[in-house]
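So this one's protein.txt, compact mmCIF, C-alpha atoms:
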```txt
# COMPACT_ATOMS: atom_id res chain seq x y z
CA MET A 6 71.48 -22.28 193.01
CA LEU A 7 69.16 -19.45 192.03
CA GLY A 8 68.74 -20.57 188.42
CA GLN A 9 72.39 -20.13 187.52
CA HIS A 10 74.04 -21.83 184.55
CA PHE A 11 77.80 -22.02 184.98
CA LEU A 12 80.03 -21.24 182.00
CA ILE A 13 82.62 -24.02 181.83
CA ASN A 14 84.13 -23.55 178.36
CA LYS A 15 87.64 -22.24 179.07
CA SER A 16 87.95 -20.72 175.61
CA LYS A 17 84.86 -18.56 176.22
CA LEU A 18 86.09 -17.64 179.69
CA SER A 19 89.37 -16.53 178.13
CA ASP A 20 87.41 -14.43 175.62
CA ILE A 21 85.77 -12.57 178.52
CA VAL A 22 89.13 -11.95 180.21
CA GLU A 23 90.68 -10.73 176.95
CA ALA A 24 87.73 -8.40 176.31
CA LEU A 25 88.27 -6.79 179.73
CA ASP A 26 91.58 -5.39 178.43
CA LEU A 27 93.13 -5.77 181.88
CA LYS A 28 95.97 -3.63 183.14
CA SER A 29 98.05 -4.05 186.27
CA GLY A 30 96.27 -2.25 189.10
CA ASP A 31 92.77 -2.81 187.72
CA THR A 32 89.83 -3.69 189.94
CA VAL A 33 87.22 -6.11 188.57
CA ILE A 34 83.81 -6.62 190.14
CA GLU A 35 82.54 -10.07 189.22
CA ILE A 36 78.80 -10.69 189.42
CA GLY A 37 77.70 -14.23 190.31
CA PRO A 38 81.07 -16.06 190.30
CA GLY A 39 79.42 -19.44 190.91
CA HIS A 40 82.21 -21.99 191.38
CA GLY A 41 84.86 -19.42 190.50
CA GLU A 42 85.37 -20.44 186.86
CA LEU A 43 85.86 -16.86 185.63
CA THR A 44 87.56 -15.86 188.87
CA ASP A 45 90.19 -18.51 188.20
CA GLU A 46 90.80 -17.21 184.67
CA LEU A 47 91.18 -13.66 186.00
CA ARG A 48 93.64 -14.81 188.64
CA ILE A 49 95.69 -16.79 186.10
CA SER A 50 95.87 -13.75 183.82
CA ALA A 51 97.12 -11.57 186.65
CA ARG A 52 99.89 -14.02 187.39
CA GLY A 53 101.51 -14.18 184.01
CA GLY A 54 98.67 -14.89 181.59
CA SER A 55 98.36 -13.46 178.10
CA ALA A 56 96.02 -10.64 179.14
CA PHE A 57 98.83 -8.84 180.95
CA GLY A 58 101.86 -10.15 179.14
CA GLY A 59 103.92 -10.30 182.29
CA LYS A 60 104.23 -11.83 185.73
CA ASN A 61 103.02 -10.81 189.18
CA ASN A 62 100.66 -8.11 187.95
CA LYS A 63 98.30 -6.60 190.47
CA LEU A 64 94.60 -7.31 189.94
CA LYS A 65 91.94 -6.81 192.59
CA ILE A 66 88.89 -9.07 192.19
CA ILE A 67 85.69 -8.40 194.12
CA ALA A 68 83.32 -11.33 193.59
CA ILE A 69 79.69 -10.91 194.67
CA GLU A 70 77.74 -14.14 195.21
CA LYS A 71 74.15 -14.28 196.47
CA ASP A 72 73.87 -18.04 197.00
CA GLU A 73 75.12 -19.01 200.49
CA PRO A 74 76.51 -22.49 199.66
CA LEU A 75 78.42 -21.04 196.69
CA PHE A 76 79.66 -18.14 198.80
CA LEU A 77 81.04 -20.58 201.40
CA PHE A 78 82.60 -22.69 198.63
CA LEU A 79 84.29 -19.63 197.10
CA ARG A 80 85.54 -18.35 200.43
CA LYS A 81 87.21 -21.69 201.05
CA LYS A 82 88.53 -22.01 197.50
CA PHE A 83 90.21 -18.60 197.50
CA PHE A 84 91.13 -18.51 201.17
CA GLY A 85 94.43 -16.74 201.69
CA ASP A 86 94.39 -14.88 198.36
CA LYS A 87 94.58 -11.23 199.40
CA ASP A 88 93.71 -10.02 195.90
CA ILE A 89 90.33 -11.77 195.85
CA GLU A 90 87.48 -10.52 198.03
CA ILE A 91 84.32 -12.63 198.24
CA ILE A 92 81.17 -10.76 199.22
CA ARG A 93 77.86 -12.45 199.95
CA GLY A 94 74.75 -10.59 198.89
CA ASN A 95 72.63 -9.21 196.07
CA ALA A 96 74.85 -7.54 193.46
CA LEU A 97 71.95 -5.29 192.43
CA LYS A 98 72.04 -3.70 195.89
CA ILE A 99 75.75 -3.99 196.64
CA ILE A 100 77.26 -2.51 193.46
CA PRO A 101 75.79 1.04 193.83
CA GLU A 102 77.03 1.29 197.43
CA LEU A 103 80.37 -0.36 196.70
CA THR A 104 81.24 1.79 193.68
CA GLU A 105 80.16 5.01 195.34
CA ASN A 106 82.74 4.34 198.05
CA PHE A 107 85.47 3.75 195.44
CA LYS A 108 86.07 7.48 195.07
CA PRO A 109 88.72 8.76 195.28
CA LYS A 110 90.55 5.59 196.34
CA ILE A 111 89.93 3.76 193.05
CA LYS A 112 89.87 5.88 189.89
CA GLY A 113 88.48 3.21 187.61
CA TYR A 114 87.11 -0.30 187.69
CA LYS A 115 85.51 -2.91 185.43
CA ILE A 116 82.54 -5.26 185.77
CA ALA A 117 82.26 -8.82 184.45
CA GLY A 118 79.96 -11.75 184.94
CA ASN A 119 78.05 -14.68 183.59
CA ILE A 120 74.80 -13.34 184.98
CA PRO A 121 71.49 -15.13 185.59
CA TYR A 122 69.15 -14.27 182.71
CA TYR A 123 66.35 -13.14 184.99
CA ILE A 124 68.33 -10.19 186.43
CA THR A 125 69.57 -8.80 183.09
CA GLY A 126 67.06 -5.98 182.68
CA HIS A 127 67.23 -4.88 186.30
CA LEU A 128 71.04 -5.07 186.34
CA LEU A 129 71.33 -2.90 183.22
CA ARG A 130 69.10 -0.27 184.81
CA ILE A 131 71.24 -0.31 187.96
CA LEU A 132 74.47 0.03 185.96
CA GLY A 133 73.03 2.84 183.88
CA GLU A 134 72.14 4.81 187.01
CA LEU A 135 75.53 4.43 188.72
CA LYS A 136 77.08 7.75 189.66
CA ASN A 137 80.55 6.24 189.39
CA LYS A 138 80.34 4.09 186.27
CA PRO A 139 82.88 1.39 185.37
CA SER A 140 85.23 1.94 182.44
CA LEU A 141 84.10 -1.34 180.87
CA ILE A 142 81.41 -4.00 181.33
CA ILE A 143 81.60 -7.53 179.90
CA LEU A 144 78.55 -9.75 180.47
CA THR A 145 77.26 -13.09 179.23
CA VAL A 146 73.56 -12.68 178.52
CA GLN A 147 70.83 -14.39 176.51
CA LYS A 148 71.63 -14.17 172.78
CA GLU A 149 68.30 -12.58 171.85
CA VAL A 150 68.68 -9.93 174.56
CA ALA A 151 72.19 -9.04 173.39
CA GLU A 152 70.94 -8.63 169.83
CA ARG A 153 68.08 -6.42 170.97
CA ILE A 154 70.47 -4.19 172.93
CA CYS A 155 72.72 -3.79 169.88
CA VAL A 156 69.76 -3.43 167.45
CA LEU A 157 71.28 -5.94 165.03
CA ARG A 158 69.99 -6.50 161.52
CA ARG A 159 68.14 -9.75 160.91
CA ALA A 160 68.39 -11.02 157.34
CA GLN A 161 67.55 -8.03 155.11
CA ASP A 162 65.51 -6.18 157.73
CA LYS A 163 66.35 -2.63 158.70
CA PRO A 164 67.69 -2.32 162.29
CA LYS A 165 64.79 -1.54 164.62
CA MET A 166 65.10 0.51 167.80
CA ASN A 167 63.39 -0.96 170.87
CA LEU A 168 62.84 -0.14 174.53
CA LEU A 169 65.88 -2.06 175.81
CA ALA A 170 68.28 -0.68 173.19
CA ALA A 171 67.09 2.89 173.70
CA SER A 172 67.54 2.53 177.47
CA VAL A 173 71.05 1.04 177.33
CA GLN A 174 72.45 3.05 174.43
CA PHE A 175 71.67 6.28 176.26
CA TRP A 176 74.63 5.64 178.58
CA ALA A 177 76.80 3.03 176.84
CA ASP A 178 77.98 1.79 173.46
CA PRO A 179 77.14 -1.94 173.13
CA GLU A 180 78.93 -4.56 171.07
CA ILE A 181 78.55 -8.34 170.78
CA ILE A 182 82.04 -9.83 170.88
CA GLY A 183 81.05 -13.49 170.61
CA TYR A 184 78.35 -16.11 170.90
CA VAL A 185 78.20 -18.95 173.42
CA SER A 186 76.45 -22.25 172.82
CA ARG A 187 74.11 -23.62 175.48
CA LYS A 188 76.43 -26.65 175.51
CA ASP A 189 79.16 -24.49 177.07
CA PHE A 190 77.19 -24.26 180.32
CA GLN A 191 76.55 -26.63 183.18
CA PRO A 192 73.67 -27.25 183.46
CA PRO A 193 72.82 -26.22 179.86
CA PRO A 194 70.17 -23.47 179.57
CA GLU A 195 67.38 -23.70 176.99
CA VAL A 196 68.82 -20.89 174.85
CA ASP A 197 72.18 -19.76 173.50
CA SER A 198 74.06 -16.80 174.93
CA ALA A 199 76.26 -13.93 173.78
CA ILE A 200 79.16 -12.05 175.33
CA ILE A 201 78.33 -8.37 175.24
CA LYS A 202 80.70 -5.47 175.76
CA LEU A 203 79.29 -2.23 177.15
CA SER A 204 81.51 0.86 177.02
CA PRO A 205 80.00 3.53 179.31
CA ARG A 206 80.24 7.07 178.02
CA ILE A 207 82.53 8.29 180.77
CA GLY A 208 83.45 11.92 180.37
CA VAL A 209 80.71 12.54 177.84
CA ASP A 210 78.25 15.18 178.99
CA LEU A 211 74.87 13.51 179.34
CA ALA A 212 73.54 16.25 181.63
CA ARG A 213 72.11 18.31 178.77
CA THR A 214 69.48 15.63 178.28
CA ASN A 215 67.69 15.05 181.56
CA ALA A 216 68.02 11.29 182.09
CA GLU A 217 64.73 11.03 183.95
CA ASN A 218 62.85 12.76 181.14
CA TYR A 219 64.64 10.67 178.53
CA TYR A 220 63.62 7.39 180.17
CA ARG A 221 60.04 8.58 180.63
CA LEU A 222 59.86 9.48 176.96
CA VAL A 223 61.30 6.10 175.97
CA LYS A 224 58.56 4.35 177.96
CA ILE A 225 55.88 6.52 176.32
CA LEU A 226 57.23 5.89 172.81
CA PHE A 227 57.62 2.14 173.16
CA LYS A 228 54.53 1.39 175.25
CA GLN A 229 52.71 0.85 171.97
CA PRO A 230 55.52 0.53 169.41
CA ARG A 231 53.19 -0.20 166.48
CA LYS A 232 51.54 3.20 166.79
CA THR A 233 53.04 6.21 165.03
CA ILE A 234 55.33 8.57 166.91
CA LEU A 235 52.65 11.25 166.73
CA ASN A 236 49.91 9.00 168.15
CA ASN A 237 52.19 7.89 170.99
CA LEU A 238 52.96 11.50 171.90
CA LYS A 239 49.41 12.87 171.53
CA PRO A 240 48.39 12.30 175.18
CA MET A 241 51.28 14.50 176.39
CA ALA A 242 50.74 17.27 173.83
CA GLY A 243 48.76 20.32 174.88
CA ASP A 244 48.74 21.57 171.29
CA LEU A 245 48.82 18.98 168.50
CA LYS A 246 49.86 21.52 165.86
CA SER A 247 52.77 22.66 168.00
CA LEU A 248 53.84 19.04 168.53
CA ILE A 249 53.86 18.36 164.78
CA GLU A 250 55.93 21.51 164.21
CA LYS A 251 58.45 20.44 166.85
CA LEU A 252 58.81 17.02 165.25
CA GLU A 253 59.35 18.63 161.85
CA LEU A 254 62.01 20.97 163.24
CA LEU A 255 63.83 17.96 164.68
CA GLY A 256 63.63 16.13 161.36
CA VAL A 257 61.36 13.43 162.81
CA ASP A 258 58.59 12.02 160.65
CA SER A 259 55.48 12.15 162.83
CA ASN A 260 53.98 9.21 160.93
CA ALA A 261 57.02 6.98 161.46
CA ARG A 262 57.14 4.29 164.19
CA PRO A 263 59.29 4.51 167.35
CA GLN A 264 61.45 1.70 165.94
CA ASP A 265 62.64 4.14 163.24
CA LEU A 266 64.16 6.54 165.78
CA SER A 267 67.80 6.71 166.82
CA VAL A 268 69.02 7.41 170.35
CA GLU A 269 70.03 10.91 169.19
CA ASN A 270 66.49 11.48 167.87
CA ILE A 271 65.04 10.49 171.24
CA LYS A 272 67.51 12.71 173.13
CA LYS A 273 66.51 15.72 171.03
CA LEU A 274 62.84 14.91 171.52
CA ALA A 275 63.34 14.66 175.29
CA GLU A 276 65.03 18.09 175.31
CA SER A 277 62.39 19.69 173.10
CA LEU A 278 59.41 18.17 174.92
CA GLU A 279 60.85 18.51 178.43
CA LYS A 280 57.94 20.60 179.75
CA ASN A 281 55.38 18.13 178.36
CA ILE A 282 56.88 14.97 179.85
CA ILE A 283 55.13 14.10 183.09
```
Just give me the structure as structure tokens.
Amino acid sequence: MLGQHFLINKSKLSDIVEALDLKSGDTVIEIGPGHGELTDELRISARGGSAFGGKNNKLKIIAIEKDEPLFLFLRKKFFGDKDIEIIRGNALKIIPELTENFKPKIKGYKIAGNIPYYITGHLLRILGELKNKPSLIILTVQKEVAERICVLRRAQDKPKMNLLAASVQFWADPEIIGYVSRKDFQPPPEVDSAIIKLSPRIGVDLARTNAENYYRLVKILFKQPRKTILNNLKPMAGDLKSLIEKLELLGVDSNARPQDLSVENIKKLAESLEKNII
């Protein structure tokens, strides 16, 4: 079943539903529904559960399942439910096409899923590049990955920026809303998980910073994260003195490491060095 680990703890499933902050009329795209554990919780909530606080609320669920046996199982399980659409295919390919066609029919939508660990990085890139972004994303991912995205402190250490965090925080505000033990899955994975909430910056003007240049700069900075910011940027600098002056004007210590930068620092660098980024 494509390396999937199915979340079976109903309390954790309820936490995901609650985090989605569902309203009547919402559309939820579910990635990798498996046996329909989360799908069931969503359906229960729409029909009088605590998430809505009422009965007979309208909730459209679009569940995308890649595995054929699971797809057939889900189609049979939810047969006759007009509010649940089961789609077979690769969510990484389907979501961009699906959401693009939402306009103007559907003004907003949300994404949820207990996703296979191996697609996390690719999925986050896809979501970040969506032209029509969801209003909210709730995902169950590997604990360590969630903590890297949020740049959490460990013991007394200072929070350290990294490639994944810089890439995700450019377009969304991340937050860990809970942790999930490996025992809450069937079969149990080898690591613990976390439920992460991503709030896309809808309506915020990101156009001033060219996204393509920003991501290129992020890759340059974090290709060798132990090197200083200046040494990482040297290859793209026509004039080293000019580069140092630009860093000073931006309030960036040229001898600091990329891990010491904030997303805002990187945005300003991308704007200032736009002509140098190849």
* Structure fact -> Taken to one decimal, the CA of Val257 in chain A-CA of Lys239 in chain A distance is 14.8 Å
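Nearest to Val146 in chain A of all the residues A:Ser259, A:Leu12, A:Met166, A:Lys224 is A:Leu12, counting all atoms listed in the file.
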* Structure fact -> Closest of A:Leu203, A:Ile131, A:Leu245, A:Ile13 to Leu144 in chain A, counting only C-alpha atoms, is A:Leu203
* To do: Find the residues near Ile34 in chain A: any atom within 8 Å, counting all atoms listed in the file, skip ones fewer than 2 places away on the same chain, and give them as number ranges by chain.
  => A: 32, 36, 66-69, 114-117
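If you measure from each of A:Leu252, A:Ile124, A:Val150, A:Ile143 to Val196 in chain A using only C-alpha atoms, the closest one turns out to be A:Val150.
For the pair CA of Asp86 in chain A and CA of His10 in chain A, the separation is 25.6 Å.
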At a cut-off of 8 Å, using only C-alpha atoms, what residues contact Arg93 in chain A? Leave out same-chain residues fewer than 2 positions from it and give the result as a PDB file with C-alpha atoms, in the frame of the given file.
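result.pdb, written as the output of this step:
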```pdb
ATOM      1  CA  ILE A  69      79.690 -10.910 194.670  1.00  0.00           C
ATOM      2  CA  GLU A  70      77.740 -14.140 195.210  1.00  0.00           C
ATOM      3  CA  LYS A  71      74.150 -14.280 196.470  1.00  0.00           C
ATOM      4  CA  ASP A  72      73.870 -18.040 197.000  1.00  0.00           C
ATOM      5  CA  GLU A  73      75.120 -19.010 200.490  1.00  0.00           C
ATOM      6  CA  PHE A  76      79.660 -18.140 198.800  1.00  0.00           C
ATOM      7  CA  ILE A  91      84.320 -12.630 198.240  1.00  0.00           C
ATOM      8  CA  ASN A  95      72.630  -9.210 196.070  1.00  0.00           C
TER       9      ASN A  95
END
```
Residues near Ile201 in chain A, cut-off 12 Å, all atoms listed in the file, skip fewer than 6 positions along chain, as an mmCIF file with C-alpha atoms, in the coordinates of the input:
```
data_model
loop_
_atom_site.group_PDB
_atom_site.id
_atom_site.type_symbol
_atom_site.label_atom_id
_atom_site.label_comp_id
_atom_site.auth_asym_id
_atom_site.auth_seq_id
_atom_site.Cartn_x
_atom_site.Cartn_y
_atom_site.Cartn_z
ATOM 1 C CA ASP A 20 87.410 -14.430 175.620
ATOM 2 C CA ILE A 21 85.770 -12.570 178.520
ATOM 3 C CA ALA A 24 87.730 -8.400 176.310
ATOM 4 C CA LEU A 25 88.270 -6.790 179.730
ATOM 5 C CA ILE A 116 82.540 -5.260 185.770
ATOM 6 C CA ALA A 117 82.260 -8.820 184.450
ATOM 7 C CA GLY A 118 79.960 -11.750 184.940
ATOM 8 C CA ASN A 119 78.050 -14.680 183.590
ATOM 9 C CA ILE A 120 74.800 -13.340 184.980
ATOM 10 C CA THR A 125 69.570 -8.800 183.090
ATOM 11 C CA LEU A 129 71.330 -2.900 183.220
ATOM 12 C CA LEU A 141 84.100 -1.340 180.870
ATOM 13 C CA ILE A 142 81.410 -4.000 181.330
ATOM 14 C CA ILE A 143 81.600 -7.530 179.900
ATOM 15 C CA LEU A 144 78.550 -9.750 180.470
ATOM 16 C CA THR A 145 77.260 -13.090 179.230
ATOM 17 C CA VAL A 146 73.560 -12.680 178.520
ATOM 18 C CA GLN A 147 70.830 -14.390 176.510
ATOM 19 C CA LYS A 148 71.630 -14.170 172.780
ATOM 20 C CA GLU A 149 68.300 -12.580 171.850
ATOM 21 C CA VAL A 150 68.680 -9.930 174.560
ATOM 22 C CA ALA A 151 72.190 -9.040 173.390
ATOM 23 C CA GLU A 152 70.940 -8.630 169.830
ATOM 24 C CA ARG A 153 68.080 -6.420 170.970
ATOM 25 C CA ILE A 154 70.470 -4.190 172.930
ATOM 26 C CA CYS A 155 72.720 -3.790 169.880
ATOM 27 C CA ALA A 177 76.800 3.030 176.840
ATOM 28 C CA ASP A 178 77.980 1.790 173.460
ATOM 29 C CA PRO A 179 77.140 -1.940 173.130
ATOM 30 C CA GLU A 180 78.930 -4.560 171.070
ATOM 31 C CA ILE A 181 78.550 -8.340 170.780
ATOM 32 C CA ILE A 182 82.040 -9.830 170.880
ATOM 33 C CA GLY A 183 81.050 -13.490 170.610
ATOM 34 C CA TYR A 184 78.350 -16.110 170.900
ATOM 35 C CA VAL A 185 78.200 -18.950 173.420
#
```
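For the atom pair formed by CA of Glu217 in chain A and CA of Gly133 in chain A, the distance is 11.7 Å, given to one decimal.
When only C-alpha atoms are used to compute distances to Val173 in chain A, the closest of the residues A:Asn260, A:Tyr123, A:Val268, A:Glu90 turns out to be A:Val268.
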* Exercise: Leu238 in chain A partners within 12 Å, only C-alpha atoms, chain neighbours under 5 positions left out, as a ChimeraX atom specification -> /A:221-230,232-233,243-245,247-249,251-252,259-260,262-263,274-275,278,281-283
Dump as a PDB file, keeping the file's coordinate frame, selection limited to C-alpha atoms:
```pdb
ATOM      1  CA  ARG A 221      60.040   8.580 180.630  1.00  0.00           C
ATOM      2  CA  LEU A 222      59.860   9.480 176.960  1.00  0.00           C
ATOM      3  CA  VAL A 223      61.300   6.100 175.970  1.00  0.00           C
ATOM      4  CA  LYS A 224      58.560   4.350 177.960  1.00  0.00           C
ATOM      5  CA  ILE A 225      55.880   6.520 176.320  1.00  0.00           C
ATOM      6  CA  LEU A 226      57.230   5.890 172.810  1.00  0.00           C
ATOM      7  CA  PHE A 227      57.620   2.140 173.160  1.00  0.00           C
ATOM      8  CA  LYS A 228      54.530   1.390 175.250  1.00  0.00           C
ATOM      9  CA  GLN A 229      52.710   0.850 171.970  1.00  0.00           C
ATOM     10  CA  PRO A 230      55.520   0.530 169.410  1.00  0.00           C
ATOM     11  CA  LYS A 232      51.540   3.200 166.790  1.00  0.00           C
ATOM     12  CA  THR A 233      53.040   6.210 165.030  1.00  0.00           C
ATOM     13  CA  GLY A 243      48.760  20.320 174.880  1.00  0.00           C
ATOM     14  CA  ASP A 244      48.740  21.570 171.290  1.00  0.00           C
ATOM     15  CA  LEU A 245      48.820  18.980 168.500  1.00  0.00           C
ATOM     16  CA  SER A 247      52.770  22.660 168.000  1.00  0.00           C
ATOM     17  CA  LEU A 248      53.840  19.040 168.530  1.00  0.00           C
ATOM     18  CA  ILE A 249      53.860  18.360 164.780  1.00  0.00           C
ATOM     19  CA  LYS A 251      58.450  20.440 166.850  1.00  0.00           C
ATOM     20  CA  LEU A 252      58.810  17.020 165.250  1.00  0.00           C
ATOM     21  CA  SER A 259      55.480  12.150 162.830  1.00  0.00           C
ATOM     22  CA  ASN A 260      53.980   9.210 160.930  1.00  0.00           C
ATOM     23  CA  ARG A 262      57.140   4.290 164.190  1.00  0.00           C
ATOM     24  CA  PRO A 263      59.290   4.510 167.350  1.00  0.00           C
ATOM     25  CA  LEU A 274      62.840  14.910 171.520  1.00  0.00           C
ATOM     26  CA  ALA A 275      63.340  14.660 175.290  1.00  0.00           C
ATOM     27  CA  LEU A 278      59.410  18.170 174.920  1.00  0.00           C
ATOM     28  CA  ASN A 281      55.380  18.130 178.360  1.00  0.00           C
ATOM     29  CA  ILE A 282      56.880  14.970 179.850  1.00  0.00           C
ATOM     30  CA  ILE A 283      55.130  14.100 183.090  1.00  0.00           C
TER      31      ILE A 283
END
```
Could I see range 7-16 of chain A restored to all heavy atoms, set down as a CSV table (one decimal), keeping the file's coordinate frame?
```
chain,number,residue,atom,x,y,z
A,7,LEU,N,69.8,-20.7,192.5
A,7,LEU,CA,69.2,-19.4,192.0
A,7,LEU,C,69.1,-19.4,190.5
A,7,LEU,O,69.2,-18.4,189.9
A,7,LEU,CB,70.0,-18.2,192.6
A,7,LEU,CG,70.1,-18.1,194.1
A,7,LEU,CD1,71.0,-17.0,194.5
A,7,LEU,CD2,68.7,-18.0,194.7
A,8,GLY,N,68.9,-20.5,189.9
A,8,GLY,CA,68.7,-20.6,188.4
A,8,GLY,C,70.0,-20.3,187.6
A,8,GLY,O,69.9,-19.9,186.5
A,9,GLN,N,71.1,-20.4,188.2
A,9,GLN,CA,72.4,-20.1,187.5
A,9,GLN,C,72.8,-21.3,186.6
A,9,GLN,O,72.6,-22.4,186.9
A,9,GLN,CB,73.5,-19.8,188.5
A,9,GLN,CG,73.5,-18.4,189.1
A,9,GLN,CD,74.6,-18.2,190.0
A,9,GLN,OE1,74.6,-18.4,191.2
A,9,GLN,NE2,75.7,-17.6,189.5
A,10,HIS,N,73.4,-20.9,185.5
A,10,HIS,CA,74.0,-21.8,184.6
A,10,HIS,C,75.5,-21.5,184.5
A,10,HIS,O,75.8,-20.3,184.1
A,10,HIS,CB,73.4,-21.7,183.2
A,10,HIS,CG,71.9,-22.0,183.2
A,10,HIS,ND1,71.4,-23.3,183.2
A,10,HIS,CD2,70.8,-21.2,183.4
A,10,HIS,CE1,70.1,-23.3,183.2
A,10,HIS,NE2,69.7,-22.0,183.4
A,11,PHE,N,76.4,-22.4,184.8
A,11,PHE,CA,77.8,-22.0,185.0
A,11,PHE,C,78.6,-22.2,183.7
A,11,PHE,O,78.5,-23.3,183.1
A,11,PHE,CB,78.4,-22.9,186.1
A,11,PHE,CG,77.7,-22.8,187.4
A,11,PHE,CD1,76.8,-23.8,187.8
A,11,PHE,CD2,77.7,-21.6,188.1
A,11,PHE,CE1,76.1,-23.7,189.0
A,11,PHE,CE2,77.0,-21.5,189.3
A,11,PHE,CZ,76.2,-22.5,189.8
A,12,LEU,N,79.2,-21.2,183.2
A,12,LEU,CA,80.0,-21.2,182.0
A,12,LEU,C,81.3,-22.0,182.3
A,12,LEU,O,82.1,-21.6,183.1
A,12,LEU,CB,80.4,-19.8,181.5
A,12,LEU,CG,81.2,-19.7,180.2
A,12,LEU,CD1,80.5,-20.4,179.1
A,12,LEU,CD2,81.4,-18.2,179.9
A,13,ILE,N,81.5,-23.1,181.6
A,13,ILE,CA,82.6,-24.0,181.8
A,13,ILE,C,83.6,-24.1,180.7
A,13,ILE,O,84.7,-24.7,180.8
A,13,ILE,CB,82.1,-25.4,182.2
A,13,ILE,CG1,81.3,-26.0,181.1
A,13,ILE,CG2,81.4,-25.4,183.5
A,13,ILE,CD1,80.9,-27.5,181.3
A,14,ASN,N,83.3,-23.5,179.5
A,14,ASN,CA,84.1,-23.6,178.4
A,14,ASN,C,85.3,-22.6,178.6
A,14,ASN,O,85.1,-21.3,178.6
A,14,ASN,CB,83.3,-23.2,177.1
A,14,ASN,CG,84.2,-23.3,175.8
A,14,ASN,OD1,85.3,-22.9,175.8
A,14,ASN,ND2,83.6,-23.8,174.8
A,15,LYS,N,86.5,-23.1,178.8
A,15,LYS,CA,87.6,-22.2,179.1
A,15,LYS,C,88.0,-21.2,178.0
A,15,LYS,O,88.4,-20.1,178.2
A,15,LYS,CB,88.9,-23.1,179.4
A,15,LYS,CG,88.8,-23.7,180.8
A,15,LYS,CD,90.2,-24.4,181.1
A,15,LYS,CE,90.2,-24.8,182.6
A,15,LYS,NZ,90.2,-23.7,183.5
A,16,SER,N,87.7,-21.6,176.7
A,16,SER,CA,88.0,-20.7,175.6
A,16,SER,C,87.1,-19.5,175.7
A,16,SER,O,87.5,-18.4,175.5
A,16,SER,CB,87.7,-21.4,174.3
A,16,SER,OG,87.8,-20.6,173.2
```
